[in-house]
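> Below is the structure I would like to discuss, written out as structure tokens.
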Amino acid sequence: MTANPASEVSLLPRGFGSLSRTAPAALPDTLFVLGANGGMRVAPDANFRLLFGRNEPEVHVCVGPTDALVSRRQGLIVRESAHWVLHNTGRLPILFPGPRLVLGGDQAHLPTGYTPLFVVSSRHKHLLEVRVTAPGQPLGPQDGPERYEEETRADIRRLSPEERLVLVCLAQRYLRHTPHPQPLTWAQVGDELSRLRPAERWSPKRAAHIVARVRRRLSGGNGVPGLLEDEVPQPVGNALNHNLITDLLTTTTIVRADLRLLRP
């Protein structure tokens, strides 16, 4: 009996090549996912939950197999309301082009076409290639993932308890998964910390001084780019703090659980 291509789940072999350049003929909205040791093709009506993560025996697509910081089950991709949706079930963030970070516990729709994703640890960025086919979508050469394949050797940053408190307050919109998050203003940080810890005499100026000190330290000691005014184009706006928060999130220096510091 001929298999129904609309209900098909099949393996992509090792050595398949990049999904940025080619994919087998498939129905529109077919999902292709390629990891370190091969991948899978899932038809849109297959009713299949594709698991990916470090531990190859427990997942369908392996990513970061030699990096213990990657979760054994880092995430899953499922079909929901005519969209493929990625759920990050691990600790590490997943980086979308843009760049956009999908934190642990968050989810994001996958667009049609080719999307290089990275599971970001303090050791490497681990590539997970995804393609969702579209009607008439060309499968010839495109911008390949090689322009994204860039390692990060950042370690978890050392923060004092005072620095962590201020930075979690500053970055709380990111940690709460607010759409299009921005850092809080210094006035908002000073006001919230004053209400939270009235005996410690918090002010906007004190909070700004502490964060500026962290930016200088990470710029000089860790080589983190985009933390000093002469490194970003004018007007600076929130760019310095946004770049700092992005680094702290991608290195898991601050995580959602740190929001407990903002509880009375």
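Lettering and numbering for the structure tokens are positional, with chains as A, B, ... in the shown order, residues counted from 1 in each chain, and ligands counted from 1 in the shown order.
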Find the spatial neighbours of Glu162 in chain A, counting only C-alpha atoms, within a cut-off of 12 Å - ignore same-chain residues fewer than 6 positions away - and output them as a list of chain:residue names.

A:Val168, A:Cys169, A:Leu193, A:Arg197, A:Glu200, A:Trp202, A:Arg206, A:Ala207, A:His209, A:Ile210, A:Val211, A:Arg213, A:Val214, A:Leu261

> How would you write, as a PDB file with N, CA and C atoms, in the first residue's frame, the set of residues in range 7-252 of chain A that DSSP gives as strand (DSSP E or B)?


ATOM      1  N   VAL A   9       5.797  10.729   8.483  1.00  0.00           N
ATOM      2  CA  VAL A   9       6.919  11.150   9.321  1.00  0.00           C
ATOM      3  C   VAL A   9       8.095  10.296   8.891  1.00  0.00           C
ATOM      4  N   SER A  10       9.190  10.918   8.500  1.00  0.00           N
ATOM      5  CA  SER A  10      10.330  10.152   8.005  1.00  0.00           C
ATOM      6  C   SER A  10      11.627  10.771   8.474  1.00  0.00           C
ATOM      7  N   LEU A  11      12.687   9.986   8.417  1.00  0.00           N
ATOM      8  CA  LEU A  11      14.008  10.414   8.868  1.00  0.00           C
ATOM      9  C   LEU A  11      14.773  11.100   7.744  1.00  0.00           C
ATOM     10  N   LEU A  12      15.598  12.056   8.126  1.00  0.00           N
ATOM     11  CA  LEU A  12      16.606  12.614   7.228  1.00  0.00           C
ATOM     12  C   LEU A  12      17.933  11.975   7.609  1.00  0.00           C
ATOM     13  N   LEU A  31       7.213  20.173   7.862  1.00  0.00           N
ATOM     14  CA  LEU A  31       8.293  20.589   8.748  1.00  0.00           C
ATOM     15  C   LEU A  31       9.524  19.717   8.529  1.00  0.00           C
ATOM     16  N   PHE A  32      10.674  20.369   8.353  1.00  0.00           N
ATOM     17  CA  PHE A  32      11.966  19.688   8.327  1.00  0.00           C
ATOM     18  C   PHE A  32      12.815  20.234   9.466  1.00  0.00           C
ATOM     19  N   VAL A  33      13.426  19.328  10.214  1.00  0.00           N
ATOM     20  CA  VAL A  33      14.310  19.732  11.316  1.00  0.00           C
ATOM     21  C   VAL A  33      15.581  18.904  11.214  1.00  0.00           C
ATOM     22  N   LEU A  34      16.728  19.570  11.290  1.00  0.00           N
ATOM     23  CA  LEU A  34      18.018  18.907  11.136  1.00  0.00           C
ATOM     24  C   LEU A  34      18.933  19.298  12.277  1.00  0.00           C
ATOM     25  N   GLY A  35      19.481  18.287  12.964  1.00  0.00           N
ATOM     26  CA  GLY A  35      20.387  18.517  14.084  1.00  0.00           C
ATOM     27  C   GLY A  35      21.751  17.941  13.848  1.00  0.00           C
ATOM     28  N   GLY A  38      21.505  14.083  12.116  1.00  0.00           N
ATOM     29  CA  GLY A  38      20.384  13.770  11.241  1.00  0.00           C
ATOM     30  C   GLY A  38      19.146  14.547  11.650  1.00  0.00           C
ATOM     31  N   GLY A  39      18.040  14.245  10.988  1.00  0.00           N
ATOM     32  CA  GLY A  39      16.843  15.021  11.258  1.00  0.00           C
ATOM     33  C   GLY A  39      15.585  14.269  10.874  1.00  0.00           C
ATOM     34  N   MET A  40      14.475  15.038  10.797  1.00  0.00           N
ATOM     35  CA  MET A  40      13.181  14.434  10.502  1.00  0.00           C
ATOM     36  C   MET A  40      12.361  15.329   9.599  1.00  0.00           C
ATOM     37  N   ARG A  41      11.451  14.682   8.862  1.00  0.00           N
ATOM     38  CA  ARG A  41      10.435  15.379   8.080  1.00  0.00           C
ATOM     39  C   ARG A  41       9.074  14.997   8.658  1.00  0.00           C
ATOM     40  N   VAL A  42       8.217  16.012   8.893  1.00  0.00           N
ATOM     41  CA  VAL A  42       6.911  15.775   9.496  1.00  0.00           C
ATOM     42  C   VAL A  42       5.857  16.485   8.654  1.00  0.00           C
ATOM     43  N   LEU A  50       7.508  16.646  17.778  1.00  0.00           N
ATOM     44  CA  LEU A  50       8.922  16.429  17.522  1.00  0.00           C
ATOM     45  C   LEU A  50       9.746  16.962  18.692  1.00  0.00           C
ATOM     46  N   LEU A  51      10.485  16.086  19.350  1.00  0.00           N
ATOM     47  CA  LEU A  51      11.321  16.451  20.494  1.00  0.00           C
ATOM     48  C   LEU A  51      12.759  16.653  20.035  1.00  0.00           C
ATOM     49  N   PHE A  52      13.424  17.670  20.579  1.00  0.00           N
ATOM     50  CA  PHE A  52      14.844  17.852  20.298  1.00  0.00           C
ATOM     51  C   PHE A  52      15.574  18.166  21.602  1.00  0.00           C
ATOM     52  N   GLY A  53      16.853  17.783  21.646  1.00  0.00           N
ATOM     53  CA  GLY A  53      17.641  18.006  22.843  1.00  0.00           C
ATOM     54  C   GLY A  53      18.947  17.248  22.789  1.00  0.00           C
ATOM     55  N   VAL A  61      15.422  14.581  17.335  1.00  0.00           N
ATOM     56  CA  VAL A  61      16.520  15.302  16.694  1.00  0.00           C
ATOM     57  C   VAL A  61      17.480  15.749  17.779  1.00  0.00           C
ATOM     58  N   CYS A  62      18.746  15.407  17.603  1.00  0.00           N
ATOM     59  CA  CYS A  62      19.764  15.682  18.616  1.00  0.00           C
ATOM     60  C   CYS A  62      20.432  17.027  18.344  1.00  0.00           C
ATOM     61  N   GLY A  75      13.488  21.009  23.896  1.00  0.00           N
ATOM     62  CA  GLY A  75      12.270  21.627  23.379  1.00  0.00           C
ATOM     63  C   GLY A  75      11.480  20.674  22.513  1.00  0.00           C
ATOM     64  N   LEU A  76      10.355  21.162  22.030  1.00  0.00           N
ATOM     65  CA  LEU A  76       9.530  20.375  21.125  1.00  0.00           C
ATOM     66  C   LEU A  76       8.864  21.312  20.123  1.00  0.00           C
ATOM     67  N   ILE A  77       8.480  20.738  18.982  1.00  0.00           N
ATOM     68  CA  ILE A  77       7.776  21.471  17.929  1.00  0.00           C
ATOM     69  C   ILE A  77       6.494  20.722  17.635  1.00  0.00           C
ATOM     70  N   VAL A  78       5.374  21.433  17.689  1.00  0.00           N
ATOM     71  CA  VAL A  78       4.074  20.805  17.468  1.00  0.00           C
ATOM     72  C   VAL A  78       3.253  21.679  16.521  1.00  0.00           C
ATOM     73  N   ARG A  79       2.252  21.057  15.902  1.00  0.00           N
ATOM     74  CA  ARG A  79       1.339  21.767  15.007  1.00  0.00           C
ATOM     75  C   ARG A  79       0.149  22.273  15.822  1.00  0.00           C
ATOM     76  N   GLU A  80      -0.041  23.595  15.818  1.00  0.00           N
ATOM     77  CA  GLU A  80      -1.113  24.198  16.600  1.00  0.00           C
ATOM     78  C   GLU A  80      -1.811  25.259  15.757  1.00  0.00           C
ATOM     79  N   HIS A  83      -0.254  26.333  12.527  1.00  0.00           N
ATOM     80  CA  HIS A  83       1.116  26.846  12.631  1.00  0.00           C
ATOM     81  C   HIS A  83       1.987  25.806  13.320  1.00  0.00           C
ATOM     82  N   TRP A  84       3.255  25.781  12.924  1.00  0.00           N
ATOM     83  CA  TRP A  84       4.244  25.023  13.679  1.00  0.00           C
ATOM     84  C   TRP A  84       4.746  25.919  14.809  1.00  0.00           C
ATOM     85  N   VAL A  85       4.710  25.401  16.029  1.00  0.00           N
ATOM     86  CA  VAL A  85       5.058  26.192  17.209  1.00  0.00           C
ATOM     87  C   VAL A  85       6.187  25.496  17.955  1.00  0.00           C
ATOM     88  N   LEU A  86       7.247  26.251  18.237  1.00  0.00           N
ATOM     89  CA  LEU A  86       8.372  25.752  19.021  1.00  0.00           C
ATOM     90  C   LEU A  86       8.154  26.099  20.482  1.00  0.00           C
ATOM     91  N   HIS A  87       8.283  25.102  21.355  1.00  0.00           N
ATOM     92  CA  HIS A  87       8.200  25.289  22.802  1.00  0.00           C
ATOM     93  C   HIS A  87       9.583  25.022  23.394  1.00  0.00           C
ATOM     94  N   ASN A  88      10.129  25.986  24.099  1.00  0.00           N
ATOM     95  CA  ASN A  88      11.411  25.800  24.771  1.00  0.00           C
ATOM     96  C   ASN A  88      11.136  25.222  26.158  1.00  0.00           C
ATOM     97  N   ILE A  94      16.819  29.872  23.311  1.00  0.00           N
ATOM     98  CA  ILE A  94      16.961  29.520  21.899  1.00  0.00           C
ATOM     99  C   ILE A  94      16.944  30.817  21.107  1.00  0.00           C
ATOM    100  N   LEU A  95      17.956  31.004  20.287  1.00  0.00           N
ATOM    101  CA  LEU A  95      18.138  32.236  19.538  1.00  0.00           C
ATOM    102  C   LEU A  95      17.557  32.093  18.138  1.00  0.00           C
ATOM    103  N   PHE A  96      16.597  32.971  17.811  1.00  0.00           N
ATOM    104  CA  PHE A  96      16.049  33.099  16.466  1.00  0.00           C
ATOM    105  C   PHE A  96      16.806  34.188  15.725  1.00  0.00           C
ATOM    106  N   ARG A 100      16.298  37.226  18.211  1.00  0.00           N
ATOM    107  CA  ARG A 100      15.214  37.134  19.181  1.00  0.00           C
ATOM    108  C   ARG A 100      15.483  35.931  20.055  1.00  0.00           C
ATOM    109  N   LEU A 101      15.367  36.099  21.354  1.00  0.00           N
ATOM    110  CA  LEU A 101      15.587  35.016  22.296  1.00  0.00           C
ATOM    111  C   LEU A 101      14.253  34.437  22.753  1.00  0.00           C
ATOM    112  N   VAL A 102      14.136  33.122  22.680  1.00  0.00           N
ATOM    113  CA  VAL A 102      12.991  32.412  23.247  1.00  0.00           C
ATOM    114  C   VAL A 102      13.501  31.714  24.500  1.00  0.00           C
ATOM    115  N   GLN A 107       7.419  30.150  24.025  1.00  0.00           N
ATOM    116  CA  GLN A 107       7.149  29.499  22.752  1.00  0.00           C
ATOM    117  C   GLN A 107       7.167  30.539  21.647  1.00  0.00           C
ATOM    118  N   ALA A 108       7.269  30.056  20.396  1.00  0.00           N
ATOM    119  CA  ALA A 108       7.304  30.962  19.247  1.00  0.00           C
ATOM    120  C   ALA A 108       6.837  30.220  18.014  1.00  0.00           C
ATOM    121  N   HIS A 109       6.085  30.925  17.137  1.00  0.00           N
ATOM    122  CA  HIS A 109       5.675  30.365  15.857  1.00  0.00           C
ATOM    123  C   HIS A 109       6.893  30.290  14.933  1.00  0.00           C
ATOM    124  N   GLY A 113       9.719  28.822   5.222  1.00  0.00           N
ATOM    125  CA  GLY A 113      11.080  29.016   4.744  1.00  0.00           C
ATOM    126  C   GLY A 113      12.095  28.458   5.718  1.00  0.00           C
ATOM    127  N   TYR A 114      13.328  28.885   5.524  1.00  0.00           N
ATOM    128  CA  TYR A 114      14.458  28.366   6.304  1.00  0.00           C
ATOM    129  C   TYR A 114      14.725  29.247   7.517  1.00  0.00           C
ATOM    130  N   THR A 115      14.876  28.615   8.697  1.00  0.00           N
ATOM    131  CA  THR A 115      15.182  29.344   9.928  1.00  0.00           C
ATOM    132  C   THR A 115      16.297  28.638  10.675  1.00  0.00           C
ATOM    133  N   PRO A 116      17.471  29.259  10.799  1.00  0.00           N
ATOM    134  CA  PRO A 116      18.516  28.677  11.644  1.00  0.00           C
ATOM    135  C   PRO A 116      18.287  29.086  13.097  1.00  0.00           C
ATOM    136  N   LEU A 117      18.158  28.108  13.965  1.00  0.00           N
ATOM    137  CA  LEU A 117      17.988  28.350  15.394  1.00  0.00           C
ATOM    138  C   LEU A 117      19.255  27.929  16.124  1.00  0.00           C
ATOM    139  N   PHE A 118      19.511  28.559  17.258  1.00  0.00           N
ATOM    140  CA  PHE A 118      20.663  28.186  18.063  1.00  0.00           C
ATOM    141  C   PHE A 118      20.237  27.994  19.507  1.00  0.00           C
ATOM    142  N   VAL A 119      20.607  26.844  20.072  1.00  0.00           N
ATOM    143  CA  VAL A 119      20.523  26.669  21.517  1.00  0.00           C
ATOM    144  C   VAL A 119      21.810  27.259  22.082  1.00  0.00           C
ATOM    145  N   VAL A 120      21.669  28.282  22.930  1.00  0.00           N
ATOM    146  CA  VAL A 120      22.812  29.099  23.331  1.00  0.00           C
ATOM    147  C   VAL A 120      23.259  28.720  24.731  1.00  0.00           C
ATOM    148  N   LYS A 125      27.131  28.037  20.528  1.00  0.00           N
ATOM    149  CA  LYS A 125      25.794  28.155  19.969  1.00  0.00           C
ATOM    150  C   LYS A 125      25.568  26.904  19.122  1.00  0.00           C
ATOM    151  N   HIS A 126      24.588  26.087  19.491  1.00  0.00           N
ATOM    152  CA  HIS A 126      24.354  24.810  18.825  1.00  0.00           C
ATOM    153  C   HIS A 126      23.255  24.980  17.785  1.00  0.00           C
ATOM    154  N   LEU A 127      23.578  24.717  16.537  1.00  0.00           N
ATOM    155  CA  LEU A 127      22.670  24.954  15.428  1.00  0.00           C
ATOM    156  C   LEU A 127      21.596  23.873  15.344  1.00  0.00           C
ATOM    157  N   LEU A 128      20.358  24.326  15.185  1.00  0.00           N
ATOM    158  CA  LEU A 128      19.232  23.464  14.865  1.00  0.00           C
ATOM    159  C   LEU A 128      18.552  24.071  13.647  1.00  0.00           C
ATOM    160  N   GLU A 129      18.649  23.395  12.509  1.00  0.00           N
ATOM    161  CA  GLU A 129      18.076  23.935  11.267  1.00  0.00           C
ATOM    162  C   GLU A 129      16.608  23.540  11.141  1.00  0.00           C
ATOM    163  N   VAL A 130      15.789  24.488  10.714  1.00  0.00           N
ATOM    164  CA  VAL A 130      14.359  24.255  10.537  1.00  0.00           C
ATOM    165  C   VAL A 130      13.940  24.814   9.185  1.00  0.00           C
ATOM    166  N   ARG A 131      13.107  24.084   8.488  1.00  0.00           N
ATOM    167  CA  ARG A 131      12.490  24.587   7.263  1.00  0.00           C
ATOM    168  C   ARG A 131      11.023  24.176   7.261  1.00  0.00           C
ATOM    169  N   VAL A 132      10.153  25.128   6.952  1.00  0.00           N
ATOM    170  CA  VAL A 132       8.736  24.866   6.752  1.00  0.00           C
ATOM    171  C   VAL A 132       8.432  25.202   5.303  1.00  0.00           C
TER     172      VAL A 132
END

> Residues at most 10 Å from Leu259 in chain A, counting only C-alpha atoms, excluding those fewer than 5 positions away in the same chain, as an MDAnalysis selection string?

chainID A and resid 165 168:169 171:172 175:176 254

> Using N, CA, C and O atoms, can you write the selected residues to a file as a CSV table (one decimal), in the first residue's frame?


chain,number,residue,atom,x,y,z
A,165,LEU,N,20.3,42.0,41.9
A,165,LEU,CA,19.0,42.6,42.2
A,165,LEU,C,18.7,43.7,41.2
A,165,LEU,O,17.6,43.7,40.7
A,168,VAL,N,18.1,42.3,37.5
A,168,VAL,CA,16.9,41.5,37.4
A,168,VAL,C,15.7,42.5,37.3
A,168,VAL,O,14.8,42.4,36.5
A,169,CYS,N,15.8,43.6,38.2
A,169,CYS,CA,14.8,44.6,38.1
A,169,CYS,C,14.8,45.3,36.7
A,169,CYS,O,13.7,45.5,36.1
A,171,ALA,N,15.8,44.1,33.9
A,171,ALA,CA,15.5,43.2,32.8
A,171,ALA,C,14.2,42.4,33.0
A,171,ALA,O,13.9,41.5,32.3
A,172,GLN,N,13.4,42.8,33.9
A,172,GLN,CA,12.2,42.0,34.3
A,172,GLN,C,11.2,41.8,33.1
A,172,GLN,O,10.6,40.8,33.0
A,175,LEU,N,12.5,38.8,31.3
A,175,LEU,CA,12.3,37.6,32.1
A,175,LEU,C,10.8,37.2,32.2
A,175,LEU,O,10.5,36.0,32.3
A,176,ARG,N,10.0,38.2,32.0
A,176,ARG,CA,8.5,37.9,32.1
A,176,ARG,C,7.9,37.6,30.7
A,176,ARG,O,6.7,37.5,30.5
A,254,ILE,N,21.4,35.5,34.3
A,254,ILE,CA,20.1,35.7,35.0
A,254,ILE,C,19.0,34.9,34.3
A,254,ILE,O,19.1,34.7,33.1

> With distances taken over only C-alpha atoms, which of A:Ile156, A:Ala46, A:Ser81, A:Leu170 is nearest to Glu192 in chain A?

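Ranked by minimum distance to Glu192 in chain A, first place goes to A:Leu170.
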
> Could you please write out, as a VMD selection string, every residue of range 33-259 of chain A that DSSP assigns to alpha helix (DSSP H)?

chain A and resid 161 to 170 172 to 175 186 to 196 204 to 222 239 to 250

> Expressed in Å to a single decimal, how great is the separation between CA of Arg49 in chain A and CA of Ala25 in chain A?

21.5 Å

> List the neighbours of Leu249 in chain A out to 9 Å using only C-alpha atoms; skip same-chain residues closer than 3 positions along the sequence, and give me the result as number ranges by chain.

A: 92-93, 101, 103, 174-175, 244-246, 252-255
